[in-house]
Amino acid sequence: MRAAQFTGGGRIEIVEAPEPQPGPGEVRVRVAACALCGSDLRPWRRGWPVISGHEIVGEIDDVGHPRHGERVIVYIPVFCGRCQECAAGRTHLCRESRELVGWQRPGGYAERLAVPERCLLSVPDDVPDRLAPLLLDTIGTTAHGIRLARRVVEGGSALVLGAGPIGLGAIIVLARIGFAPIHVVDPASYRAAFAASLAAFVTSPDQPAEGRFHLVVEPTGKGAAPQSALEAVGPEGAILQLGESDAWAITETRSIRLKDFFLVRSFYFPIGSYPANLELLRADRAKYERLVDATADLDGLSDLFQSFAQGKNLKPLMLPSDAR
Ligand SMILES: [Zn+2]
Ligand SMILES: [Zn+2]
């Protein structure tokens, strides 16, 4: 089968890879689409030993299997289902998990892949392939983080520091559950304008936002964003830090000292939150559709990554050309 290999320096080679052989408890999935993610840029720049791609929708392609033909998305942590965290429903925190799909084991920038059956989530007919991958990082991760934050901050004003896919996903979810007003900061005018079209107020990065917000969402972990989050959160408010982060360089200031606040950190989401996340997709379907702003087949993946890395797309999709 054909697959994309990240060979380093932002190069992608389309190679003839061995057909995936499902092990015990695994099934073969034919990839219908795989969404590009900001976290892919690191392996894309460095090169990566396995096939990347972790926001996958496809169809079970295992003749004779009872679920053959079923449309599924792929939950990326290969969780054990037995440890203390799994037993408590926190499958994304599994203590035995050693592999993430698209990181330590082959992912979705390919025609097919093998996936442990427990990592497959059934996609209902009303959710098309181009929207289904958004149920993972864009909706799953943001909604779970926001649910955690709501244990300490019910609602009120929110600031989102960055209007990439996770930031925009956070704006849509926050608006849906009643946070208002929602402000956003993003240096890229294209992304800021998109956030404004979702009814967020665009705040200049230089505009001081000291201690005003009930909730500050920090989805980038980059540069000055963590410091901005600490300055912007209000008394007894919460900072929600989502996804990957660089090292935090923080300077303690008087304004940070003179307030009490909560820090909420989350990376992925428990598999059991899927039904609730589906409802979020259905409730704001038109907004999520607009996030998917470019597509390419495997041969076009290299150009698509170049454009994505330059911040020209929000949530592009790779759709492999018809499986051979
Ligand atoms: Zn991702
Ligand atoms: Zn476990």
# chains A, B, ... in the order shown; residues from 1 in each chain; ligands from 1

call {"tool": "residues_around", "arguments": {"residues": "range 154-166 of chain A", "least_positions_apart": "5", "cutoff": "6 Å", "atoms": "only C-alpha atoms", "output": "PyMOL selection string"}}
result
chain A and resi 138+179-186+191+213-218+314

call {"tool": "residues_around", "arguments": {"residues": "Glu252 in chain A", "least_positions_apart": "2", "cutoff": "12 Å", "atoms": "only C-alpha atoms", "output": "ChimeraX atom specification"}}
result
/A:226-228,230-231,249-250,254-259

call {"tool": "write_last_selection", "arguments": {"atoms": "N, CA, C and O atoms", "output": "PDB file, in the first residue's frame"}}
result
ATOM      1  N   PRO A 226       2.028  31.400  28.117  1.00  0.00           N
ATOM      2  CA  PRO A 226       1.773  31.041  29.522  1.00  0.00           C
ATOM      3  C   PRO A 226       1.804  32.254  30.456  1.00  0.00           C
ATOM      4  O   PRO A 226       0.964  32.380  31.352  1.00  0.00           O
ATOM      5  N   GLN A 227       2.754  33.160  30.236  1.00  0.00           N
ATOM      6  CA  GLN A 227       2.815  34.373  31.056  1.00  0.00           C
ATOM      7  C   GLN A 227       1.547  35.218  30.851  1.00  0.00           C
ATOM      8  O   GLN A 227       0.954  35.713  31.810  1.00  0.00           O
ATOM      9  N   SER A 228       1.118  35.369  29.590  1.00  0.00           N
ATOM     10  CA  SER A 228      -0.106  36.130  29.309  1.00  0.00           C
ATOM     11  C   SER A 228      -1.296  35.512  30.018  1.00  0.00           C
ATOM     12  O   SER A 228      -2.162  36.227  30.543  1.00  0.00           O
ATOM     13  N   LEU A 230      -1.293  33.811  32.801  1.00  0.00           N
ATOM     14  CA  LEU A 230      -1.210  34.106  34.242  1.00  0.00           C
ATOM     15  C   LEU A 230      -1.621  35.543  34.543  1.00  0.00           C
ATOM     16  O   LEU A 230      -2.230  35.824  35.571  1.00  0.00           O
ATOM     17  N   GLU A 231      -1.295  36.459  33.643  1.00  0.00           N
ATOM     18  CA  GLU A 231      -1.668  37.855  33.862  1.00  0.00           C
ATOM     19  C   GLU A 231      -3.162  38.069  33.630  1.00  0.00           C
ATOM     20  O   GLU A 231      -3.801  38.877  34.297  1.00  0.00           O
ATOM     21  N   ALA A 249       8.360  29.498  30.748  1.00  0.00           N
ATOM     22  CA  ALA A 249       9.235  30.487  31.379  1.00  0.00           C
ATOM     23  C   ALA A 249       8.324  31.574  31.955  1.00  0.00           C
ATOM     24  O   ALA A 249       7.694  32.305  31.209  1.00  0.00           O
ATOM     25  N   ILE A 250       8.242  31.597  33.266  1.00  0.00           N
ATOM     26  CA  ILE A 250       7.264  32.465  33.925  1.00  0.00           C
ATOM     27  C   ILE A 250       7.957  33.404  34.901  1.00  0.00           C
ATOM     28  O   ILE A 250       8.849  32.996  35.644  1.00  0.00           O
ATOM     29  N   ARG A 254       3.550  41.139  40.615  1.00  0.00           N
ATOM     30  CA  ARG A 254       2.629  41.535  41.675  1.00  0.00           C
ATOM     31  C   ARG A 254       1.189  41.148  41.320  1.00  0.00           C
ATOM     32  O   ARG A 254       0.448  40.631  42.151  1.00  0.00           O
ATOM     33  N   SER A 255       0.832  41.348  40.028  1.00  0.00           N
ATOM     34  CA  SER A 255      -0.559  41.040  39.648  1.00  0.00           C
ATOM     35  C   SER A 255      -0.840  39.539  39.719  1.00  0.00           C
ATOM     36  O   SER A 255      -1.963  39.131  39.985  1.00  0.00           O
ATOM     37  N   ILE A 256       0.182  38.720  39.482  1.00  0.00           N
ATOM     38  CA  ILE A 256      -0.026  37.268  39.592  1.00  0.00           C
ATOM     39  C   ILE A 256      -0.153  36.870  41.063  1.00  0.00           C
ATOM     40  O   ILE A 256      -0.975  36.027  41.440  1.00  0.00           O
ATOM     41  N   ARG A 257       0.674  37.515  41.915  1.00  0.00           N
ATOM     42  CA  ARG A 257       0.670  37.198  43.344  1.00  0.00           C
ATOM     43  C   ARG A 257      -0.644  37.571  44.000  1.00  0.00           C
ATOM     44  O   ARG A 257      -1.136  36.879  44.879  1.00  0.00           O
ATOM     45  N   LEU A 258      -1.234  38.678  43.540  1.00  0.00           N
ATOM     46  CA  LEU A 258      -2.407  39.210  44.230  1.00  0.00           C
ATOM     47  C   LEU A 258      -3.716  38.676  43.666  1.00  0.00           C
ATOM     48  O   LEU A 258      -4.659  39.424  43.421  1.00  0.00           O
ATOM     49  N   LYS A 259      -3.731  37.404  43.366  1.00  0.00           N
ATOM     50  CA  LYS A 259      -5.002  36.764  43.051  1.00  0.00           C
ATOM     51  C   LYS A 259      -4.837  35.276  43.302  1.00  0.00           C
ATOM     52  O   LYS A 259      -3.746  34.732  43.187  1.00  0.00           O
TER      53      LYS A 259
END

call {"tool": "residues_near_ligand", "arguments": {"ligand": "ligand 1", "cutoff": "9 Å", "atoms": "only C-alpha atoms and all ligand atoms", "output": "short mmCIF file (atom, residue, chain, number, x, y, z; two decimals) with all heavy atoms, in the first residue's frame"}}
result
data_model
loop_
_atom_site.label_atom_id
_atom_site.label_comp_id
_atom_site.auth_asym_id
_atom_site.auth_seq_id
_atom_site.Cartn_x
_atom_site.Cartn_y
_atom_site.Cartn_z
N ALA A 35 -6.81 14.10 9.35
CA ALA A 35 -6.64 15.55 9.48
C ALA A 35 -5.22 15.88 9.92
O ALA A 35 -4.61 15.15 10.71
CB ALA A 35 -7.64 16.11 10.49
N LEU A 36 -4.69 16.97 9.40
CA LEU A 36 -3.38 17.45 9.83
C LEU A 36 -3.52 18.12 11.19
O LEU A 36 -4.54 18.74 11.48
CB LEU A 36 -2.79 18.44 8.82
CG LEU A 36 -2.07 17.84 7.61
CD1 LEU A 36 -3.01 17.04 6.72
CD2 LEU A 36 -1.40 18.93 6.79
N CYS A 37 -2.48 17.98 12.00
CA CYS A 37 -2.52 18.52 13.36
C CYS A 37 -1.22 19.30 13.59
O CYS A 37 -0.16 18.90 13.10
CB CYS A 37 -2.62 17.37 14.36
SG CYS A 37 -2.57 17.88 16.08
N GLY A 38 -1.31 20.38 14.37
CA GLY A 38 -0.12 21.16 14.67
C GLY A 38 0.98 20.32 15.30
O GLY A 38 2.17 20.58 15.08
N SER A 39 0.60 19.28 16.05
CA SER A 39 1.62 18.44 16.69
C SER A 39 2.37 17.59 15.67
O SER A 39 3.44 17.06 15.97
CB SER A 39 0.99 17.55 17.77
OG SER A 39 0.10 16.62 17.20
N ASP A 40 1.83 17.45 14.44
CA ASP A 40 2.55 16.72 13.39
C ASP A 40 3.77 17.49 12.89
O ASP A 40 4.64 16.91 12.24
CB ASP A 40 1.65 16.50 12.16
CG ASP A 40 0.56 15.46 12.39
OD1 ASP A 40 0.77 14.54 13.20
OD2 ASP A 40 -0.50 15.58 11.74
N GLY A 53 0.25 10.68 11.48
CA GLY A 53 -1.17 10.89 11.21
C GLY A 53 -2.02 10.27 12.30
O GLY A 53 -2.03 9.05 12.47
N HIS A 54 -2.74 11.12 13.07
CA HIS A 54 -3.45 10.56 14.23
C HIS A 54 -4.88 11.08 14.38
O HIS A 54 -5.49 10.92 15.42
CB HIS A 54 -2.65 10.84 15.51
CG HIS A 54 -2.45 12.29 15.77
ND1 HIS A 54 -1.34 12.98 15.31
CD2 HIS A 54 -3.21 13.21 16.39
CE1 HIS A 54 -1.42 14.24 15.67
NE2 HIS A 54 -2.56 14.41 16.32
N GLU A 55 -5.41 11.73 13.35
CA GLU A 55 -6.83 12.16 13.41
C GLU A 55 -7.54 11.48 12.25
O GLU A 55 -7.78 12.07 11.22
CB GLU A 55 -6.92 13.69 13.36
CG GLU A 55 -6.17 14.34 14.51
CD GLU A 55 -6.40 15.86 14.61
OE1 GLU A 55 -7.48 16.33 14.19
OE2 GLU A 55 -5.50 16.55 15.09
N LEU A 136 -11.98 14.17 17.40
CA LEU A 136 -10.81 13.77 18.21
C LEU A 136 -10.21 15.03 18.85
O LEU A 136 -10.77 15.56 19.78
CB LEU A 136 -9.84 13.00 17.32
CG LEU A 136 -10.47 11.70 16.77
CD1 LEU A 136 -9.66 11.14 15.62
CD2 LEU A 136 -10.61 10.66 17.87
N ASP A 137 -9.10 15.52 18.34
CA ASP A 137 -8.41 16.64 19.00
C ASP A 137 -9.28 17.89 19.12
O ASP A 137 -9.35 18.52 20.18
CB ASP A 137 -7.14 17.01 18.24
CG ASP A 137 -6.14 15.87 18.19
OD1 ASP A 137 -6.56 14.71 18.16
OD2 ASP A 137 -4.93 16.16 18.17
N THR A 138 -9.92 18.27 18.02
CA THR A 138 -10.58 19.58 17.98
C THR A 138 -11.73 19.68 18.97
O THR A 138 -11.86 20.68 19.69
CB THR A 138 -11.08 19.89 16.55
OG1 THR A 138 -9.99 19.70 15.65
CG2 THR A 138 -11.60 21.31 16.44
N GLY A 243 -3.05 20.42 25.41
CA GLY A 243 -2.15 19.85 24.41
C GLY A 243 -0.68 19.99 24.76
O GLY A 243 -0.31 20.14 25.92
#

call {"tool": "atom_distance", "arguments": {"atom1": "CA of Thr142 in chain A", "atom2": "CA of Val123 in chain A"}}
result
19.3 Å

call {"tool": "residues_near_ligand", "arguments": {"ligand": "ligand 2", "cutoff": "12 Å", "atoms": "only C-alpha atoms and all ligand atoms", "output": "list of chain:residue names"}}
result
A:Pro77, A:Val78, A:Phe79, A:Cys80, A:Gly81, A:Arg82, A:Cys83, A:Gln84, A:Glu85, A:Cys86, A:Ala87, A:Ala88, A:Gly89, A:Arg90, A:Thr91, A:His92, A:Leu93, A:Cys94, A:Arg95, A:Glu96, A:Ser97, A:Arg98, A:Glu99, A:Arg118, A:Pro270, A:Ile271
